[in-house]
Structures are given as C-alpha cells and as structure tokens.
Amino acid sequence: MSKVSRMLEHYQIPQVIKVRQSFNNDTLDDVQQTLRRGLEKSCRPIAKGDRIAITCGSRGIDQYVNMVRTIVQYVRDQGGEPMLIPSMGSHGGATGEGQAEVLRKFGITEETVGAPVVSSMEVTKIGTTDRGLPVYADKNAVESDGIILLNRVKPHTSFRGKCESGLVKMLAIGLAKQKGAEMTHFLRYENMAENIIAAGSIGLEKLNILCGVCTIENGYSRVAELHVLQREEILEKEPELLKSAWARMPRIALDTIDVLIVNEIGKEISGTGMDTNIVGRFHTKAASGGPESIKLGVLNVTEKSEGNANGMGLADFMPRHMYEQIDLETCYVNTLTSTEPSSTRIPMILANDREVFQGCVKLCGQVNFDDIRMVLIRNTKNLDEVYMSRAAVEAAVMPIETEGDYHDLTFDADGNLTLYSDKH
C-alpha cells in the first residue's frame, strides 16, 4: 500500500440514496414534422443541382440523426445535393478524419442520413473583424451553393453574452475549423461574446446562409423547442432563444456541495467535458454561477471523446485508470485553440475511484462525518437521477424525491465504482 493510500484508507464514504430531481419537461413530440414545416417556410430557395452544406457539430444533441436526415431529405426534394460539413473547431483532434469519426460515433454517416460527410480542415478567409481578427470558414462550405446551419442553443460554459452556444457560435467557431476557432478565441474568453458576434456577422454577410436550424432542450436533454430562422433573423432572435434555454436548464438541488463526484466527462456532454454551469467551477473569469463545489472528483472520460479530457482541470482528483484513458496531445490541441490551459491541467491522480471519494471527503472541510453533503452524478447532462448523502438530501433547495434506502457504494476488486459499470 502506498503512503497516499494509507493516508486515505480510514476515511469513510457517506452512504447515499437514489434521488429523483424534477426539471422543465416541455417536449416537442413532432420534431421531424416541425423541422420540415420550418424549412418549407424559412429556408431560402434551393435550385436543382445546388450543392448544399449542412453543419454538424460535436455535441450529442437530442434527435441529432433524425434532424440531419430530415434536412438532407428536404434538400434532395428541392433538387439539391446535400453534404455534411463537420463544424466543430479543433475537435476530433483537429483532423478531417477525426472530425468525421466524431460524427460517425453519433450515428451520422452517409448510410444513415443519405448524404456524404465532406470533412477537411482547409478553410478560406472571408473577412476581418473590426479588431483585426481574420474570419475563416470551411472551404467546402464557402464553395457550396448554400449553407444550412444546425446547432443547439444553450448557455456556454466559459463566457456570458447575448449569443453563447448556438447558430452564431457555429458560424464563428464550428464552421471556422481549427484555424478560425483559434482566431476567434485569440483575445481570450473575456472578449468572446463580442468576437463571436463580430465573426458570425461577417459569416452571415459573406456566406450564402439559407437558414439556421436550432433546438432548445428541456431539463432532461430532450428537444423542447425547434426553430428554423431566416438568415436575417439569426442575430436578432438568438438572444431570446438563449433566455429560454437558461430557463429550461437542469441543476443539482444544492447551493453548496461538500463532495461532488462526476462519473464521466466527455466532449459530447459539454465543451469542457462537464458543464461548468452545473458543477459551479469555471476555467475562465468570463463566466460564473452554479453551486459551490468544495471538492470535485471525476472518474472516467467517455469513449466518444477519444481521450480528450478537456475539463479535467476543474477537478481536484481523478483515478489512475482515467489518466490512462487520456490523449494529452488531443487535449492540448483543444486547449491551445481555446486559450485556457487550466481546463486540461491534470488533477491529483489517485489509485482508484474509492480513493477519489476518500480524497474529496478528507479535504471537504467538514469536521463531522454526518454533515458531509455528497452528490454523485453520472454526468452533467443526465441529472434526473443522482445519488446524495443524507446531509445533501436535507440541504436540498428544491423539491426532490428519494427512492429506496441509504446504502454503501460498492467498488470492485480494483477499488473502482460499480454503480455505472454498464457505461464504463
């Protein structure tokens, strides 16, 4: 046993109980029909033979494959030739093959949606902002006969502004590939709100944007709203859609959490691996909010992230098996593009999951074991079912429902959590 293990072995992990949290559950039942009607109403005309680029990002948005397939079919019905453009900045290791692979893991391929994935990191300069930053866009999209933007609108994890994650960011960063994303981030997150609007405005002016398709998800990560915006409406209407997205966001039902354990982080979950607005930790000075998390541990990086553990720097501890899953080069490409190295700093590496819990318990600042407010979540995207200690349940600031009895968490022979073993 190591010296560290001996230091931690006597720290008891609080018992937990399953907790159901309730959030906004407005759900759009006819996503494909609503999308089709919106395209028929708001999409600019498509001529026979037009090559139409459809943006596809790196987030695991609800109804992703169905929406892409519906847009593809609409373009074909108009006589156009659709193509899918991976639009994810530097994600996928900043390679064309890597970005196509990101889409494949979401189930988006030519076979599933009926249009080829045209993936390249080559970009074309389309303008310069007032602050002197060059603006780029994917070369294939620039040379197409029209572009349909697709993205989810939601609060960003790293900055605050009229437009955060959505269609404008898709134009300014996603479609701009690694080179353009780096330029948009160049003046740091403190200026990001201004930069994405400046770059996005140039994209709207210079590119043939046919329309923008965006969704807002409810508190259970299901589509609550779907909007097809005309090109001229995007800058005007996206700020109001962002307000709606804020209102529908889920949260953890505590204002202060002594020990927060996140079972998995990943790029399909959040740009920072875990949503900073949920865990209350931020890697930039341009954003704030959420609960106060005294000590934070992370246990896994998702398979779809391909070793990109961006966001691990927000945590205090990780287990060795997670560290061994990490591709540091991919992490650093992401970090050097986004300008925030703190998001990929490596937390203290402990032997296993059990020690991550124990390390958080040791340093959470509670003298009395029974006072430890501990919360365990699968990830920051799925918060309807979580696990809480007794003190956490008693400290809840919104209605929750408990199921079953308090029980000890179980760990396998290697000391790793078995609760979510189906997702490891």
# chains A, B, ... in the order shown; residues from 1 in each chain; ligands from 1

$ residues_around --residues "segment 152-161 of chain A" --least-positions-apart "4" --cutoff "8 Å" --atoms "only C-alpha atoms" --output "ChimeraX atom specification"
/A:61,165-167,189-190,192-194,214-217,238,241-242,245-246,270-272,275-277,282-287

$ select_by_dssp --residues "segment 151-360 of chain A" --states "strand (DSSP E or B)" --output "VMD selection string"
chain A and resid 151 to 152 154 165 209 to 217 223 to 229 256 to 262 265 292 to 298 301 317 to 319 348 to 350

$ closest_residue --among "A:Met1, A:Val393, A:Val356, A:Val223" --to "Asp371 of chain A" --atoms "only C-alpha atoms"
A:Val393

$ residues_around --residues "segment 323-338 of chain A" --least-positions-apart "5" --cutoff "9 Å" --atoms "only C-alpha atoms" --output "ChimeraX atom specification"
/A:89-94,178-179,181-186,188-189,300-301,303,306-310,318,343-344,346,349

$ closest_residue --among "A:Gln99, A:Phe357, A:Gly219, A:Gly60" --to "Thr410 of chain A" --atoms "only C-alpha atoms"
A:Phe357

$ closest_residue --among "A:Arg373, A:Arg59, A:Lys206, A:Lys267" --to "Leu254 of chain A" --atoms "only C-alpha atoms"
A:Arg373

$ closest_residue --among "A:Ile85, A:Ile257, A:Leu296, A:Ile209" --to "Ile372 of chain A" --atoms "only C-alpha atoms"
A:Ile257

$ atom_distance --atom1 "atom CA of Glu292 of chain A" --atom2 "atom CA of Asn352 of chain A"
24.8 Å

$ residues_around --residues "Arg104 of chain A" --least-positions-apart "6" --cutoff "10 Å" --atoms "only C-alpha atoms" --output "PyMOL selection string"
chain A and resi 98+110+112+117+304

$ closest_residue --among "A:Thr256, A:Ser119, A:Thr129, A:Thr402" --to "Gly290 of chain A" --atoms "only C-alpha atoms"
A:Thr256

$ closest_residue --among "A:Asn382, A:Gln73, A:Ser389, A:Thr55" --to "Ala137 of chain A" --atoms "only C-alpha atoms"
A:Thr55

$ decode --residues "segment 56-70 of chain A" --atoms "all heavy atoms" --output "compact mmCIF listing (two decimals), in the first residue's frame"
# COMPACT_ATOMS: atom_id res chain seq x y z
N CYS A 56 -22.58 20.15 -39.00
CA CYS A 56 -22.77 19.12 -37.98
C CYS A 56 -21.70 19.28 -36.92
O CYS A 56 -20.51 19.15 -37.21
CB CYS A 56 -22.69 17.72 -38.60
SG CYS A 56 -24.00 17.35 -39.79
N GLY A 57 -22.12 19.55 -35.69
CA GLY A 57 -21.18 19.81 -34.61
C GLY A 57 -20.82 18.57 -33.82
O GLY A 57 -21.19 17.44 -34.17
N SER A 58 -20.09 18.78 -32.72
CA SER A 58 -19.53 17.66 -31.94
C SER A 58 -20.27 17.41 -30.65
O SER A 58 -19.78 16.69 -29.78
CB SER A 58 -18.06 17.95 -31.63
OG SER A 58 -17.91 19.19 -30.97
N ARG A 59 -21.45 17.99 -30.47
CA ARG A 59 -22.22 17.77 -29.25
C ARG A 59 -23.30 16.71 -29.47
O ARG A 59 -23.86 16.61 -30.57
CB ARG A 59 -22.91 19.07 -28.80
CG ARG A 59 -21.95 20.21 -28.57
CD ARG A 59 -21.09 19.99 -27.33
NE ARG A 59 -20.23 21.14 -27.11
CZ ARG A 59 -18.95 21.20 -27.46
NH1 ARG A 59 -18.37 20.16 -28.02
NH2 ARG A 59 -18.24 22.29 -27.24
N GLY A 60 -23.60 15.98 -28.41
CA GLY A 60 -24.61 14.93 -28.50
C GLY A 60 -26.01 15.50 -28.32
O GLY A 60 -26.64 15.27 -27.29
N ILE A 61 -26.51 16.22 -29.31
CA ILE A 61 -27.82 16.85 -29.18
C ILE A 61 -28.93 15.84 -29.44
O ILE A 61 -28.76 14.88 -30.19
CB ILE A 61 -27.95 18.07 -30.12
CG1 ILE A 61 -27.82 17.66 -31.59
CG2 ILE A 61 -26.90 19.11 -29.79
CD1 ILE A 61 -27.99 18.83 -32.55
N ASP A 62 -30.06 16.07 -28.82
CA ASP A 62 -31.20 15.16 -28.96
C ASP A 62 -31.73 15.19 -30.39
O ASP A 62 -31.75 16.24 -31.05
CB ASP A 62 -32.30 15.58 -27.98
CG ASP A 62 -33.47 14.61 -27.97
OD1 ASP A 62 -33.22 13.40 -28.09
OD2 ASP A 62 -34.62 15.07 -27.84
N GLN A 63 -32.14 14.03 -30.88
CA GLN A 63 -32.73 13.88 -32.22
C GLN A 63 -31.74 14.25 -33.34
O GLN A 63 -32.15 14.63 -34.44
CB GLN A 63 -33.99 14.75 -32.36
CG GLN A 63 -35.11 14.40 -31.40
CD GLN A 63 -35.80 13.11 -31.77
OE1 GLN A 63 -35.95 12.78 -32.94
NE2 GLN A 63 -36.23 12.37 -30.76
N TYR A 64 -30.46 14.13 -33.05
CA TYR A 64 -29.42 14.58 -33.98
C TYR A 64 -29.55 13.89 -35.35
O TYR A 64 -29.67 14.55 -36.39
CB TYR A 64 -28.05 14.29 -33.37
CG TYR A 64 -26.89 15.08 -33.93
CD1 TYR A 64 -25.63 15.00 -33.34
CD2 TYR A 64 -27.02 15.92 -35.03
CE1 TYR A 64 -24.56 15.71 -33.81
CE2 TYR A 64 -25.95 16.63 -35.53
CZ TYR A 64 -24.71 16.52 -34.91
OH TYR A 64 -23.64 17.23 -35.39
N VAL A 65 -29.53 12.57 -35.35
CA VAL A 65 -29.58 11.83 -36.62
C VAL A 65 -30.88 12.13 -37.36
O VAL A 65 -30.86 12.36 -38.58
CB VAL A 65 -29.41 10.32 -36.37
CG1 VAL A 65 -29.60 9.55 -37.67
CG2 VAL A 65 -28.04 10.03 -35.77
N ASN A 66 -32.00 12.13 -36.66
CA ASN A 66 -33.28 12.39 -37.30
C ASN A 66 -33.34 13.78 -37.93
O ASN A 66 -33.89 13.96 -39.02
CB ASN A 66 -34.42 12.24 -36.30
CG ASN A 66 -34.68 10.78 -35.94
OD1 ASN A 66 -34.36 9.88 -36.71
ND2 ASN A 66 -35.25 10.56 -34.77
N MET A 67 -32.79 14.77 -37.24
CA MET A 67 -32.82 16.13 -37.78
C MET A 67 -31.94 16.25 -39.01
O MET A 67 -32.34 16.86 -40.02
CB MET A 67 -32.40 17.14 -36.71
CG MET A 67 -33.44 17.34 -35.63
SD MET A 67 -33.10 18.76 -34.55
CE MET A 67 -31.59 18.23 -33.76
N VAL A 68 -30.75 15.66 -38.94
CA VAL A 68 -29.86 15.72 -40.11
C VAL A 68 -30.51 15.02 -41.29
O VAL A 68 -30.52 15.52 -42.43
CB VAL A 68 -28.48 15.10 -39.79
CG1 VAL A 68 -27.63 15.03 -41.06
CG2 VAL A 68 -27.76 15.93 -38.74
N ARG A 69 -31.10 13.85 -41.04
CA ARG A 69 -31.75 13.10 -42.11
C ARG A 69 -32.91 13.89 -42.72
O ARG A 69 -33.10 13.91 -43.95
CB ARG A 69 -32.25 11.76 -41.57
CG ARG A 69 -32.79 10.83 -42.65
CD ARG A 69 -33.42 9.59 -42.05
NE ARG A 69 -32.45 8.77 -41.35
CZ ARG A 69 -32.51 8.44 -40.07
NH1 ARG A 69 -33.53 8.88 -39.33
NH2 ARG A 69 -31.61 7.66 -39.53
N THR A 70 -33.66 14.59 -41.89
CA THR A 70 -34.79 15.40 -42.38
C THR A 70 -34.31 16.55 -43.24
O THR A 70 -34.89 16.85 -44.29
CB THR A 70 -35.61 15.94 -41.19
OG1 THR A 70 -36.11 14.84 -40.43
CG2 THR A 70 -36.77 16.79 -41.66
